[in-house]
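Trainee: Okay, so here is data10.cif, and as you'll see once you scroll down, it has mmCIF, C-alpha atoms.
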```cif
data_coords
loop_
_atom_site.group_PDB
_atom_site.id
_atom_site.type_symbol
_atom_site.label_atom_id
_atom_site.label_comp_id
_atom_site.auth_asym_id
_atom_site.auth_seq_id
_atom_site.Cartn_x
_atom_site.Cartn_y
_atom_site.Cartn_z
ATOM 1 C CA MET A 1 9.364 1.130 -23.964
ATOM 2 C CA ALA A 2 7.003 2.635 -21.402
ATOM 3 C CA LEU A 3 7.688 2.220 -17.702
ATOM 4 C CA ARG A 4 5.591 -0.322 -15.834
ATOM 5 C CA THR A 5 3.000 1.126 -13.446
ATOM 6 C CA TYR A 6 4.664 -0.301 -10.347
ATOM 7 C CA LYS A 7 7.920 1.512 -11.170
ATOM 8 C CA VAL A 8 6.270 4.950 -11.140
ATOM 9 C CA TRP A 9 3.750 4.228 -8.340
ATOM 10 C CA GLN A 10 3.204 7.282 -6.154
ATOM 11 C CA GLY A 11 1.789 5.525 -3.097
ATOM 12 C CA HIS A 12 3.777 3.983 -0.247
ATOM 13 C CA ASN A 13 3.164 0.380 -1.335
ATOM 14 C CA ARG A 14 5.984 -2.052 -2.098
ATOM 15 C CA PHE A 15 6.080 -4.355 -5.117
ATOM 16 C CA PHE A 16 7.623 -7.793 -5.518
ATOM 17 C CA CYS A 17 8.087 -10.217 -8.438
ATOM 18 C CA ARG A 18 8.206 -7.411 -11.024
ATOM 19 C CA GLY A 19 4.884 -5.930 -9.911
ATOM 20 C CA ALA A 20 2.885 -9.159 -9.600
ATOM 21 C CA LEU A 21 2.637 -8.872 -5.794
ATOM 22 C CA MET A 22 1.809 -5.681 -3.927
ATOM 23 C CA ALA A 23 2.206 -5.192 -0.173
ATOM 24 C CA GLY A 24 1.514 -2.274 2.096
ATOM 25 C CA PRO A 25 4.283 -0.006 3.323
ATOM 26 C CA ASP A 26 4.574 -1.932 6.604
ATOM 27 C CA PHE A 27 4.815 -5.406 5.048
ATOM 28 C CA GLN A 28 7.226 -6.427 7.820
ATOM 29 C CA CYS A 29 4.219 -6.669 10.161
ATOM 30 C CA GLY A 30 2.589 -9.168 7.800
ATOM 31 C CA ALA A 31 5.810 -11.187 7.679
ATOM 32 C CA LEU A 32 5.987 -11.135 11.494
ATOM 33 C CA THR A 33 2.367 -12.326 11.730
ATOM 34 C CA PHE A 34 3.178 -15.096 9.238
ATOM 35 C CA GLY A 35 6.145 -16.137 11.427
ATOM 36 C CA PHE A 36 4.034 -16.187 14.612
ATOM 37 C CA ILE A 37 1.369 -18.384 13.004
ATOM 38 C CA PHE A 38 4.045 -20.714 11.614
ATOM 39 C CA ALA A 39 5.755 -20.970 15.031
ATOM 40 C CA ALA A 40 2.433 -21.706 16.756
ATOM 41 C CA MET A 41 1.747 -24.414 14.178
ATOM 42 C CA ILE A 42 5.127 -26.063 14.809
ATOM 43 C CA VAL A 43 4.657 -25.942 18.599
ATOM 44 C CA PHE A 44 1.196 -27.507 18.249
ATOM 45 C CA LEU A 45 2.413 -30.266 15.912
ATOM 46 C CA VAL A 46 5.316 -31.127 18.233
ATOM 47 C CA PHE A 47 3.558 -31.165 21.611
ATOM 48 C CA PRO A 48 -0.285 -31.444 21.759
ATOM 49 C CA ALA A 49 -0.733 -33.090 18.355
ATOM 50 C CA THR A 50 1.687 -35.873 19.290
ATOM 51 C CA ASP A 51 -0.487 -36.873 22.247
ATOM 52 C CA LEU A 52 -3.672 -36.551 20.197
ATOM 53 C CA ALA A 53 -2.206 -38.646 17.376
ATOM 54 C CA ALA A 54 -1.180 -41.354 19.836
ATOM 55 C CA ASN A 55 -4.766 -41.617 21.102
ATOM 56 C CA HIS A 56 -6.779 -40.943 17.927
ATOM 57 C CA GLY A 57 -4.535 -41.775 14.971
ATOM 58 C CA GLY A 58 -2.348 -39.972 12.463
ATOM 59 C CA TRP A 59 -5.209 -38.018 10.875
ATOM 60 C CA VAL A 60 -4.646 -35.317 13.542
ATOM 61 C CA TYR A 61 -1.388 -34.352 11.811
ATOM 62 C CA GLY A 62 -3.101 -34.149 8.435
ATOM 63 C CA VAL A 63 -6.022 -32.006 9.611
ATOM 64 C CA SER A 64 -3.774 -29.710 11.687
ATOM 65 C CA GLY A 65 -1.278 -29.307 8.857
ATOM 66 C CA ALA A 66 -4.004 -28.600 6.297
ATOM 67 C CA ALA A 67 -5.604 -25.972 8.559
ATOM 68 C CA ALA A 68 -2.230 -24.304 9.072
ATOM 69 C CA VAL A 69 -1.462 -24.269 5.326
ATOM 70 C CA VAL A 70 -4.874 -22.763 4.513
ATOM 71 C CA SER A 71 -4.387 -20.140 7.241
ATOM 72 C CA LEU A 72 -0.915 -19.151 6.025
ATOM 73 C CA ALA A 73 -2.003 -19.103 2.367
ATOM 74 C CA SER A 74 -4.978 -16.876 3.192
ATOM 75 C CA LEU A 75 -2.726 -14.496 5.099
ATOM 76 C CA ALA A 76 -0.243 -14.342 2.205
ATOM 77 C CA VAL A 77 -2.977 -13.679 -0.384
ATOM 78 C CA THR A 78 -4.489 -10.930 1.783
ATOM 79 C CA ALA A 79 -1.139 -9.282 2.526
ATOM 80 C CA LEU A 80 0.126 -9.365 -1.071
ATOM 81 C CA SER A 81 -2.981 -8.366 -3.042
ATOM 82 C CA ASP A 82 -4.486 -5.089 -4.211
ATOM 83 C CA PRO A 83 -7.162 -3.937 -1.717
ATOM 84 C CA GLY A 84 -9.027 -1.929 -4.376
ATOM 85 C CA ILE A 85 -6.775 1.072 -4.935
ATOM 86 C CA ILE A 86 -8.132 3.731 -7.279
ATOM 87 C CA PRO A 87 -5.413 5.013 -9.648
ATOM 88 C CA ARG A 88 -4.330 8.634 -9.301
ATOM 89 C CA ARG A 89 -4.794 11.299 -11.920
ATOM 90 C CA VAL A 90 -1.743 12.959 -13.384
ATOM 91 C CA GLU A 91 -3.403 16.292 -14.018
ATOM 92 C CA PRO A 92 -5.706 18.244 -11.678
ATOM 93 C CA VAL A 93 -9.478 18.058 -12.128
ATOM 94 C CA ASP A 94 -11.434 21.025 -13.451
ATOM 95 C CA SER A 95 -14.173 21.954 -11.014
ATOM 96 C CA LYS A 96 -16.698 22.634 -13.811
ATOM 97 C CA ASN A 97 -16.481 19.661 -16.159
ATOM 98 C CA GLY A 98 -14.597 17.067 -14.057
ATOM 99 C CA LYS A 99 -11.838 16.690 -16.665
ATOM 100 C CA GLY A 100 -8.192 17.688 -16.609
ATOM 101 C CA GLN A 101 -7.673 21.397 -17.021
ATOM 102 C CA LYS A 102 -4.952 23.016 -19.108
ATOM 103 C CA LYS A 103 -4.122 26.510 -20.276
ATOM 104 C CA LYS A 104 -3.414 27.443 -23.879
ATOM 105 C CA ASN A 105 0.301 26.785 -23.399
ATOM 106 C CA ASP A 106 -0.446 23.299 -21.921
ATOM 107 C CA ALA A 107 0.694 24.326 -18.443
ATOM 108 C CA PHE A 108 -1.567 23.281 -15.588
ATOM 109 C CA SER A 109 -3.785 25.914 -14.102
ATOM 110 C CA PHE A 110 -3.859 25.850 -10.328
ATOM 111 C CA ARG A 111 -7.505 26.634 -9.648
ATOM 112 C CA LYS A 112 -8.637 24.395 -6.810
ATOM 113 C CA PRO A 113 -11.562 22.094 -7.683
ATOM 114 C CA MET A 114 -14.717 22.080 -5.615
ATOM 115 C CA ARG A 115 -14.405 20.037 -2.392
ATOM 116 C CA THR A 116 -17.575 18.072 -3.155
ATOM 117 C CA GLN A 117 -19.511 17.249 -6.274
ATOM 118 C CA GLN A 118 -23.008 15.832 -6.495
ATOM 119 C CA MET A 119 -23.784 13.011 -8.905
ATOM 120 C CA LEU A 120 -27.203 11.615 -9.794
ATOM 121 C CA VAL A 121 -27.271 7.805 -10.165
ATOM 122 C CA ASP A 122 -30.567 5.926 -10.626
ATOM 123 C CA GLY A 123 -32.545 8.791 -9.126
ATOM 124 C CA GLN A 124 -30.348 9.074 -6.013
ATOM 125 C CA VAL A 125 -27.954 11.932 -5.345
ATOM 126 C CA PHE A 126 -24.454 10.946 -4.187
ATOM 127 C CA LYS A 127 -21.974 13.411 -2.768
ATOM 128 C CA LEU A 128 -18.439 12.773 -4.044
ATOM 129 C CA LYS A 129 -15.502 14.232 -2.118
ATOM 130 C CA TYR A 130 -12.331 15.445 -3.805
ATOM 131 C CA CYS A 131 -8.992 13.936 -2.751
ATOM 132 C CA ASP A 132 -6.164 16.481 -3.046
ATOM 133 C CA THR A 133 -3.465 13.795 -2.992
ATOM 134 C CA CYS A 134 -4.912 11.497 -5.660
ATOM 135 C CA LYS A 135 -6.582 14.329 -7.638
ATOM 136 C CA ILE A 136 -9.855 12.401 -8.038
ATOM 137 C CA TYR A 137 -13.448 12.662 -6.897
ATOM 138 C CA ARG A 138 -13.791 9.651 -4.613
ATOM 139 C CA PRO A 139 -16.795 7.355 -5.092
ATOM 140 C CA PRO A 140 -18.998 6.510 -2.081
ATOM 141 C CA ARG A 141 -17.286 4.461 0.679
ATOM 142 C CA CYS A 142 -13.874 5.296 -0.762
ATOM 143 C CA VAL A 143 -11.362 6.652 1.756
ATOM 144 C CA HIS A 144 -7.778 7.878 1.443
ATOM 145 C CA CYS A 145 -5.526 5.701 3.628
ATOM 146 C CA ALA A 146 -2.884 7.886 5.251
ATOM 147 C CA ILE A 147 -0.540 4.931 5.804
ATOM 148 C CA CYS A 148 -0.594 3.577 2.227
ATOM 149 C CA ASN A 149 -1.150 7.047 0.707
ATOM 150 C CA ASN A 150 -3.823 5.726 -1.707
ATOM 151 C CA CYS A 151 -7.590 5.991 -2.132
ATOM 152 C CA VAL A 152 -9.157 2.561 -1.507
ATOM 153 C CA GLN A 153 -12.632 1.471 -2.679
ATOM 154 C CA VAL A 154 -15.002 0.219 0.029
ATOM 155 C CA TYR A 155 -12.303 0.958 2.607
ATOM 156 C CA ASP A 156 -12.711 -0.827 5.943
ATOM 157 C CA HIS A 157 -9.405 -0.262 7.750
ATOM 158 C CA HIS A 158 -5.643 -0.496 7.477
ATOM 159 C CA CYS A 159 -4.772 -3.779 9.180
ATOM 160 C CA PRO A 160 -1.488 -3.700 11.112
ATOM 161 C CA TRP A 161 -1.403 -7.518 11.338
ATOM 162 C CA VAL A 162 -1.519 -7.938 7.582
ATOM 163 C CA GLY A 163 0.330 -4.709 6.765
ATOM 164 C CA ASN A 164 -2.171 -3.750 4.046
ATOM 165 C CA CYS A 165 -5.553 -2.071 3.658
ATOM 166 C CA VAL A 166 -8.746 -4.091 3.837
ATOM 167 C CA GLY A 167 -11.055 -2.954 1.050
ATOM 168 C CA LYS A 168 -13.172 -4.046 -1.890
ATOM 169 C CA ARG A 169 -10.926 -6.752 -3.329
#
```
Kindly transcribe the structure held in the file into structure tokens.

Mentor:
Amino acid sequence: MALRTYKVWQGHNRFFCRGALMAGPDFQCGALTFGFIFAAMIVFLVFPATDLAANHGGWVYGVSGAAAVVSLASLAVTALSDPGIIPRRVEPVDSKNGKGQKKKNDAFSFRKPMRTQQMLVDGQVFKLKYCDTCKIYRPPRCVHCAICNNCVQVYDHHCPWVGNCVGKR
């Protein structure tokens, strides 16, 4: 039986529930943020919401609780989902044809690929950069995150509050 992808993952991400959930390497920050939001919710429901409910009715508890649940669920989905990581290549890329390169005896040759490669798409020329760590030519707006050690599509930033990259997905 072949190993599951999450068991041989080369990035710094952590996996839970047998690979169904993926968090960044600093997932403790996301858990701490979750705890702070939960504590603020409890403090609000105990003190200000009690006065508001006395004056305006019990619907204050329902609306406040629903907003807190939606906030915590959104945080959990963001912290435990794939931000758009591009899988790594196992073998190096040949600088001429863009495919894996091997010698006659199936050992890898160590010729460095070109740093950039130009690709024509719909009449426009795009410059693709090579990532030495992931061994791929990165598409436009793809950046290698040094914290997660992965290339992420449409990379925005690595969020310390969530503990994961913010990207395409």

Trainee: I need the residue nearest Lys127 in chain A from this list: A:Asn150, A:Pro139, A:Ala73, A:Ser64. Use all atoms listed in the file for the distance.

Mentor: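 Among A:Asn150, A:Pro139, A:Ala73, A:Ser64, it is A:Pro139 that comes nearest to Lys127 in chain A.
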
Trainee: What's around Val69 in chain A at 10 Å? Count only C-alpha atoms, leave out sequence neighbours fewer than 6 positions away in its own chain, and write the answer as a list in words.

Mentor: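 Surrounding residues, per the criterion: Phe38, Met41, Val63 and Leu75 of chain A.
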
Trainee: One number please: CA of Gln153 in chain A to CA of Arg4 in chain A, in Å, one decimal.

Mentor: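 Pair CA of Gln153 in chain A / CA of Arg4 in chain A returns 22.5 Å.
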
Trainee: Run the PyMOL selection byres ((chain A and resi 61) around 10) on the file and write out the hits as a CSV table (one decimal) with C-alpha atoms, in the coordinates of the input.

Mentor:
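As a result, expr_36.csv now contains:
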```
chain,number,residue,atom,x,y,z
A,44,PHE,CA,1.2,-27.5,18.2
A,45,LEU,CA,2.4,-30.3,15.9
A,46,VAL,CA,5.3,-31.1,18.2
A,49,ALA,CA,-0.7,-33.1,18.4
A,50,THR,CA,1.7,-35.9,19.3
A,52,LEU,CA,-3.7,-36.6,20.2
A,53,ALA,CA,-2.2,-38.6,17.4
A,57,GLY,CA,-4.5,-41.8,15.0
A,58,GLY,CA,-2.3,-40.0,12.5
A,59,TRP,CA,-5.2,-38.0,10.9
A,60,VAL,CA,-4.6,-35.3,13.5
A,62,GLY,CA,-3.1,-34.1,8.4
A,63,VAL,CA,-6.0,-32.0,9.6
A,64,SER,CA,-3.8,-29.7,11.7
A,65,GLY,CA,-1.3,-29.3,8.9
A,66,ALA,CA,-4.0,-28.6,6.3
A,67,ALA,CA,-5.6,-26.0,8.6
```

Trainee: Since I can't run it myself right now, could you work out what the PyMOL selection byres ((chain A and resi 129) around 12) selects here and report it as a list in words?

Mentor: Ser95, Pro113, Met114, Arg115, Thr116, Gln117, Gln118, Met119, Phe126, Lys127, Leu128, Tyr130, Cys131, Asp132, Cys134, Lys135, Ile136, Tyr137, Arg138, Pro139, Pro140, Arg141, Cys142, Val143, His144 and Cys151 of chain A

Trainee: Quote the spacing between CA of Trp161 in chain A and CA of Leu32 in chain A in Å to one decimal place.

Mentor: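 The value is 8.2 Å.
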
Trainee: Decode the PyMOL selection byres ((chain A and resi 18-26) around 9) for the given file into explicit residues and return them as a list of chain:residue names.

Mentor: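 Residues picked by the PyMOL selection byres ((chain A and resi 18-26) around 9): A:Arg4, A:Thr5, A:Tyr6, A:Lys7, A:Gly11, A:His12, A:Asn13, A:Arg14, A:Phe15, A:Phe16, A:Cys17, A:Phe27, A:Gln28, A:Cys29, A:Gly30, A:Ala79, A:Leu80, A:Ser81, A:Asp82, A:Ile147, A:Cys148, A:Pro160, A:Val162, A:Gly163, A:Asn164, A:Cys165.
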
Trainee: Expressed in Å to a single decimal, how great is the separation between CA of Val152 in chain A and CA of Val70 in chain A?

Mentor: 26.4 Å

Trainee: Taking all atoms listed in the file into account, which of A:Gln10, A:Gln124, A:Val166, A:Glu91 comes nearest Asn149 in chain A?

Mentor: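 Distance minimum relative to Asn149 in chain A lands on A:Gln10.
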
Trainee: Please determine an axis-aligned box that encloses all atoms of range 49-53 of chain A listed in the file, with 8 Å added on each side, and express its centre and edge lengths in Å to one decimal as lines of an AutoDock Vina configuration file.

Mentor:
```
center_x = -1.0
center_y = -35.9
center_z = 19.8
size_x = 21.4
size_y = 21.6
size_z = 20.9
```
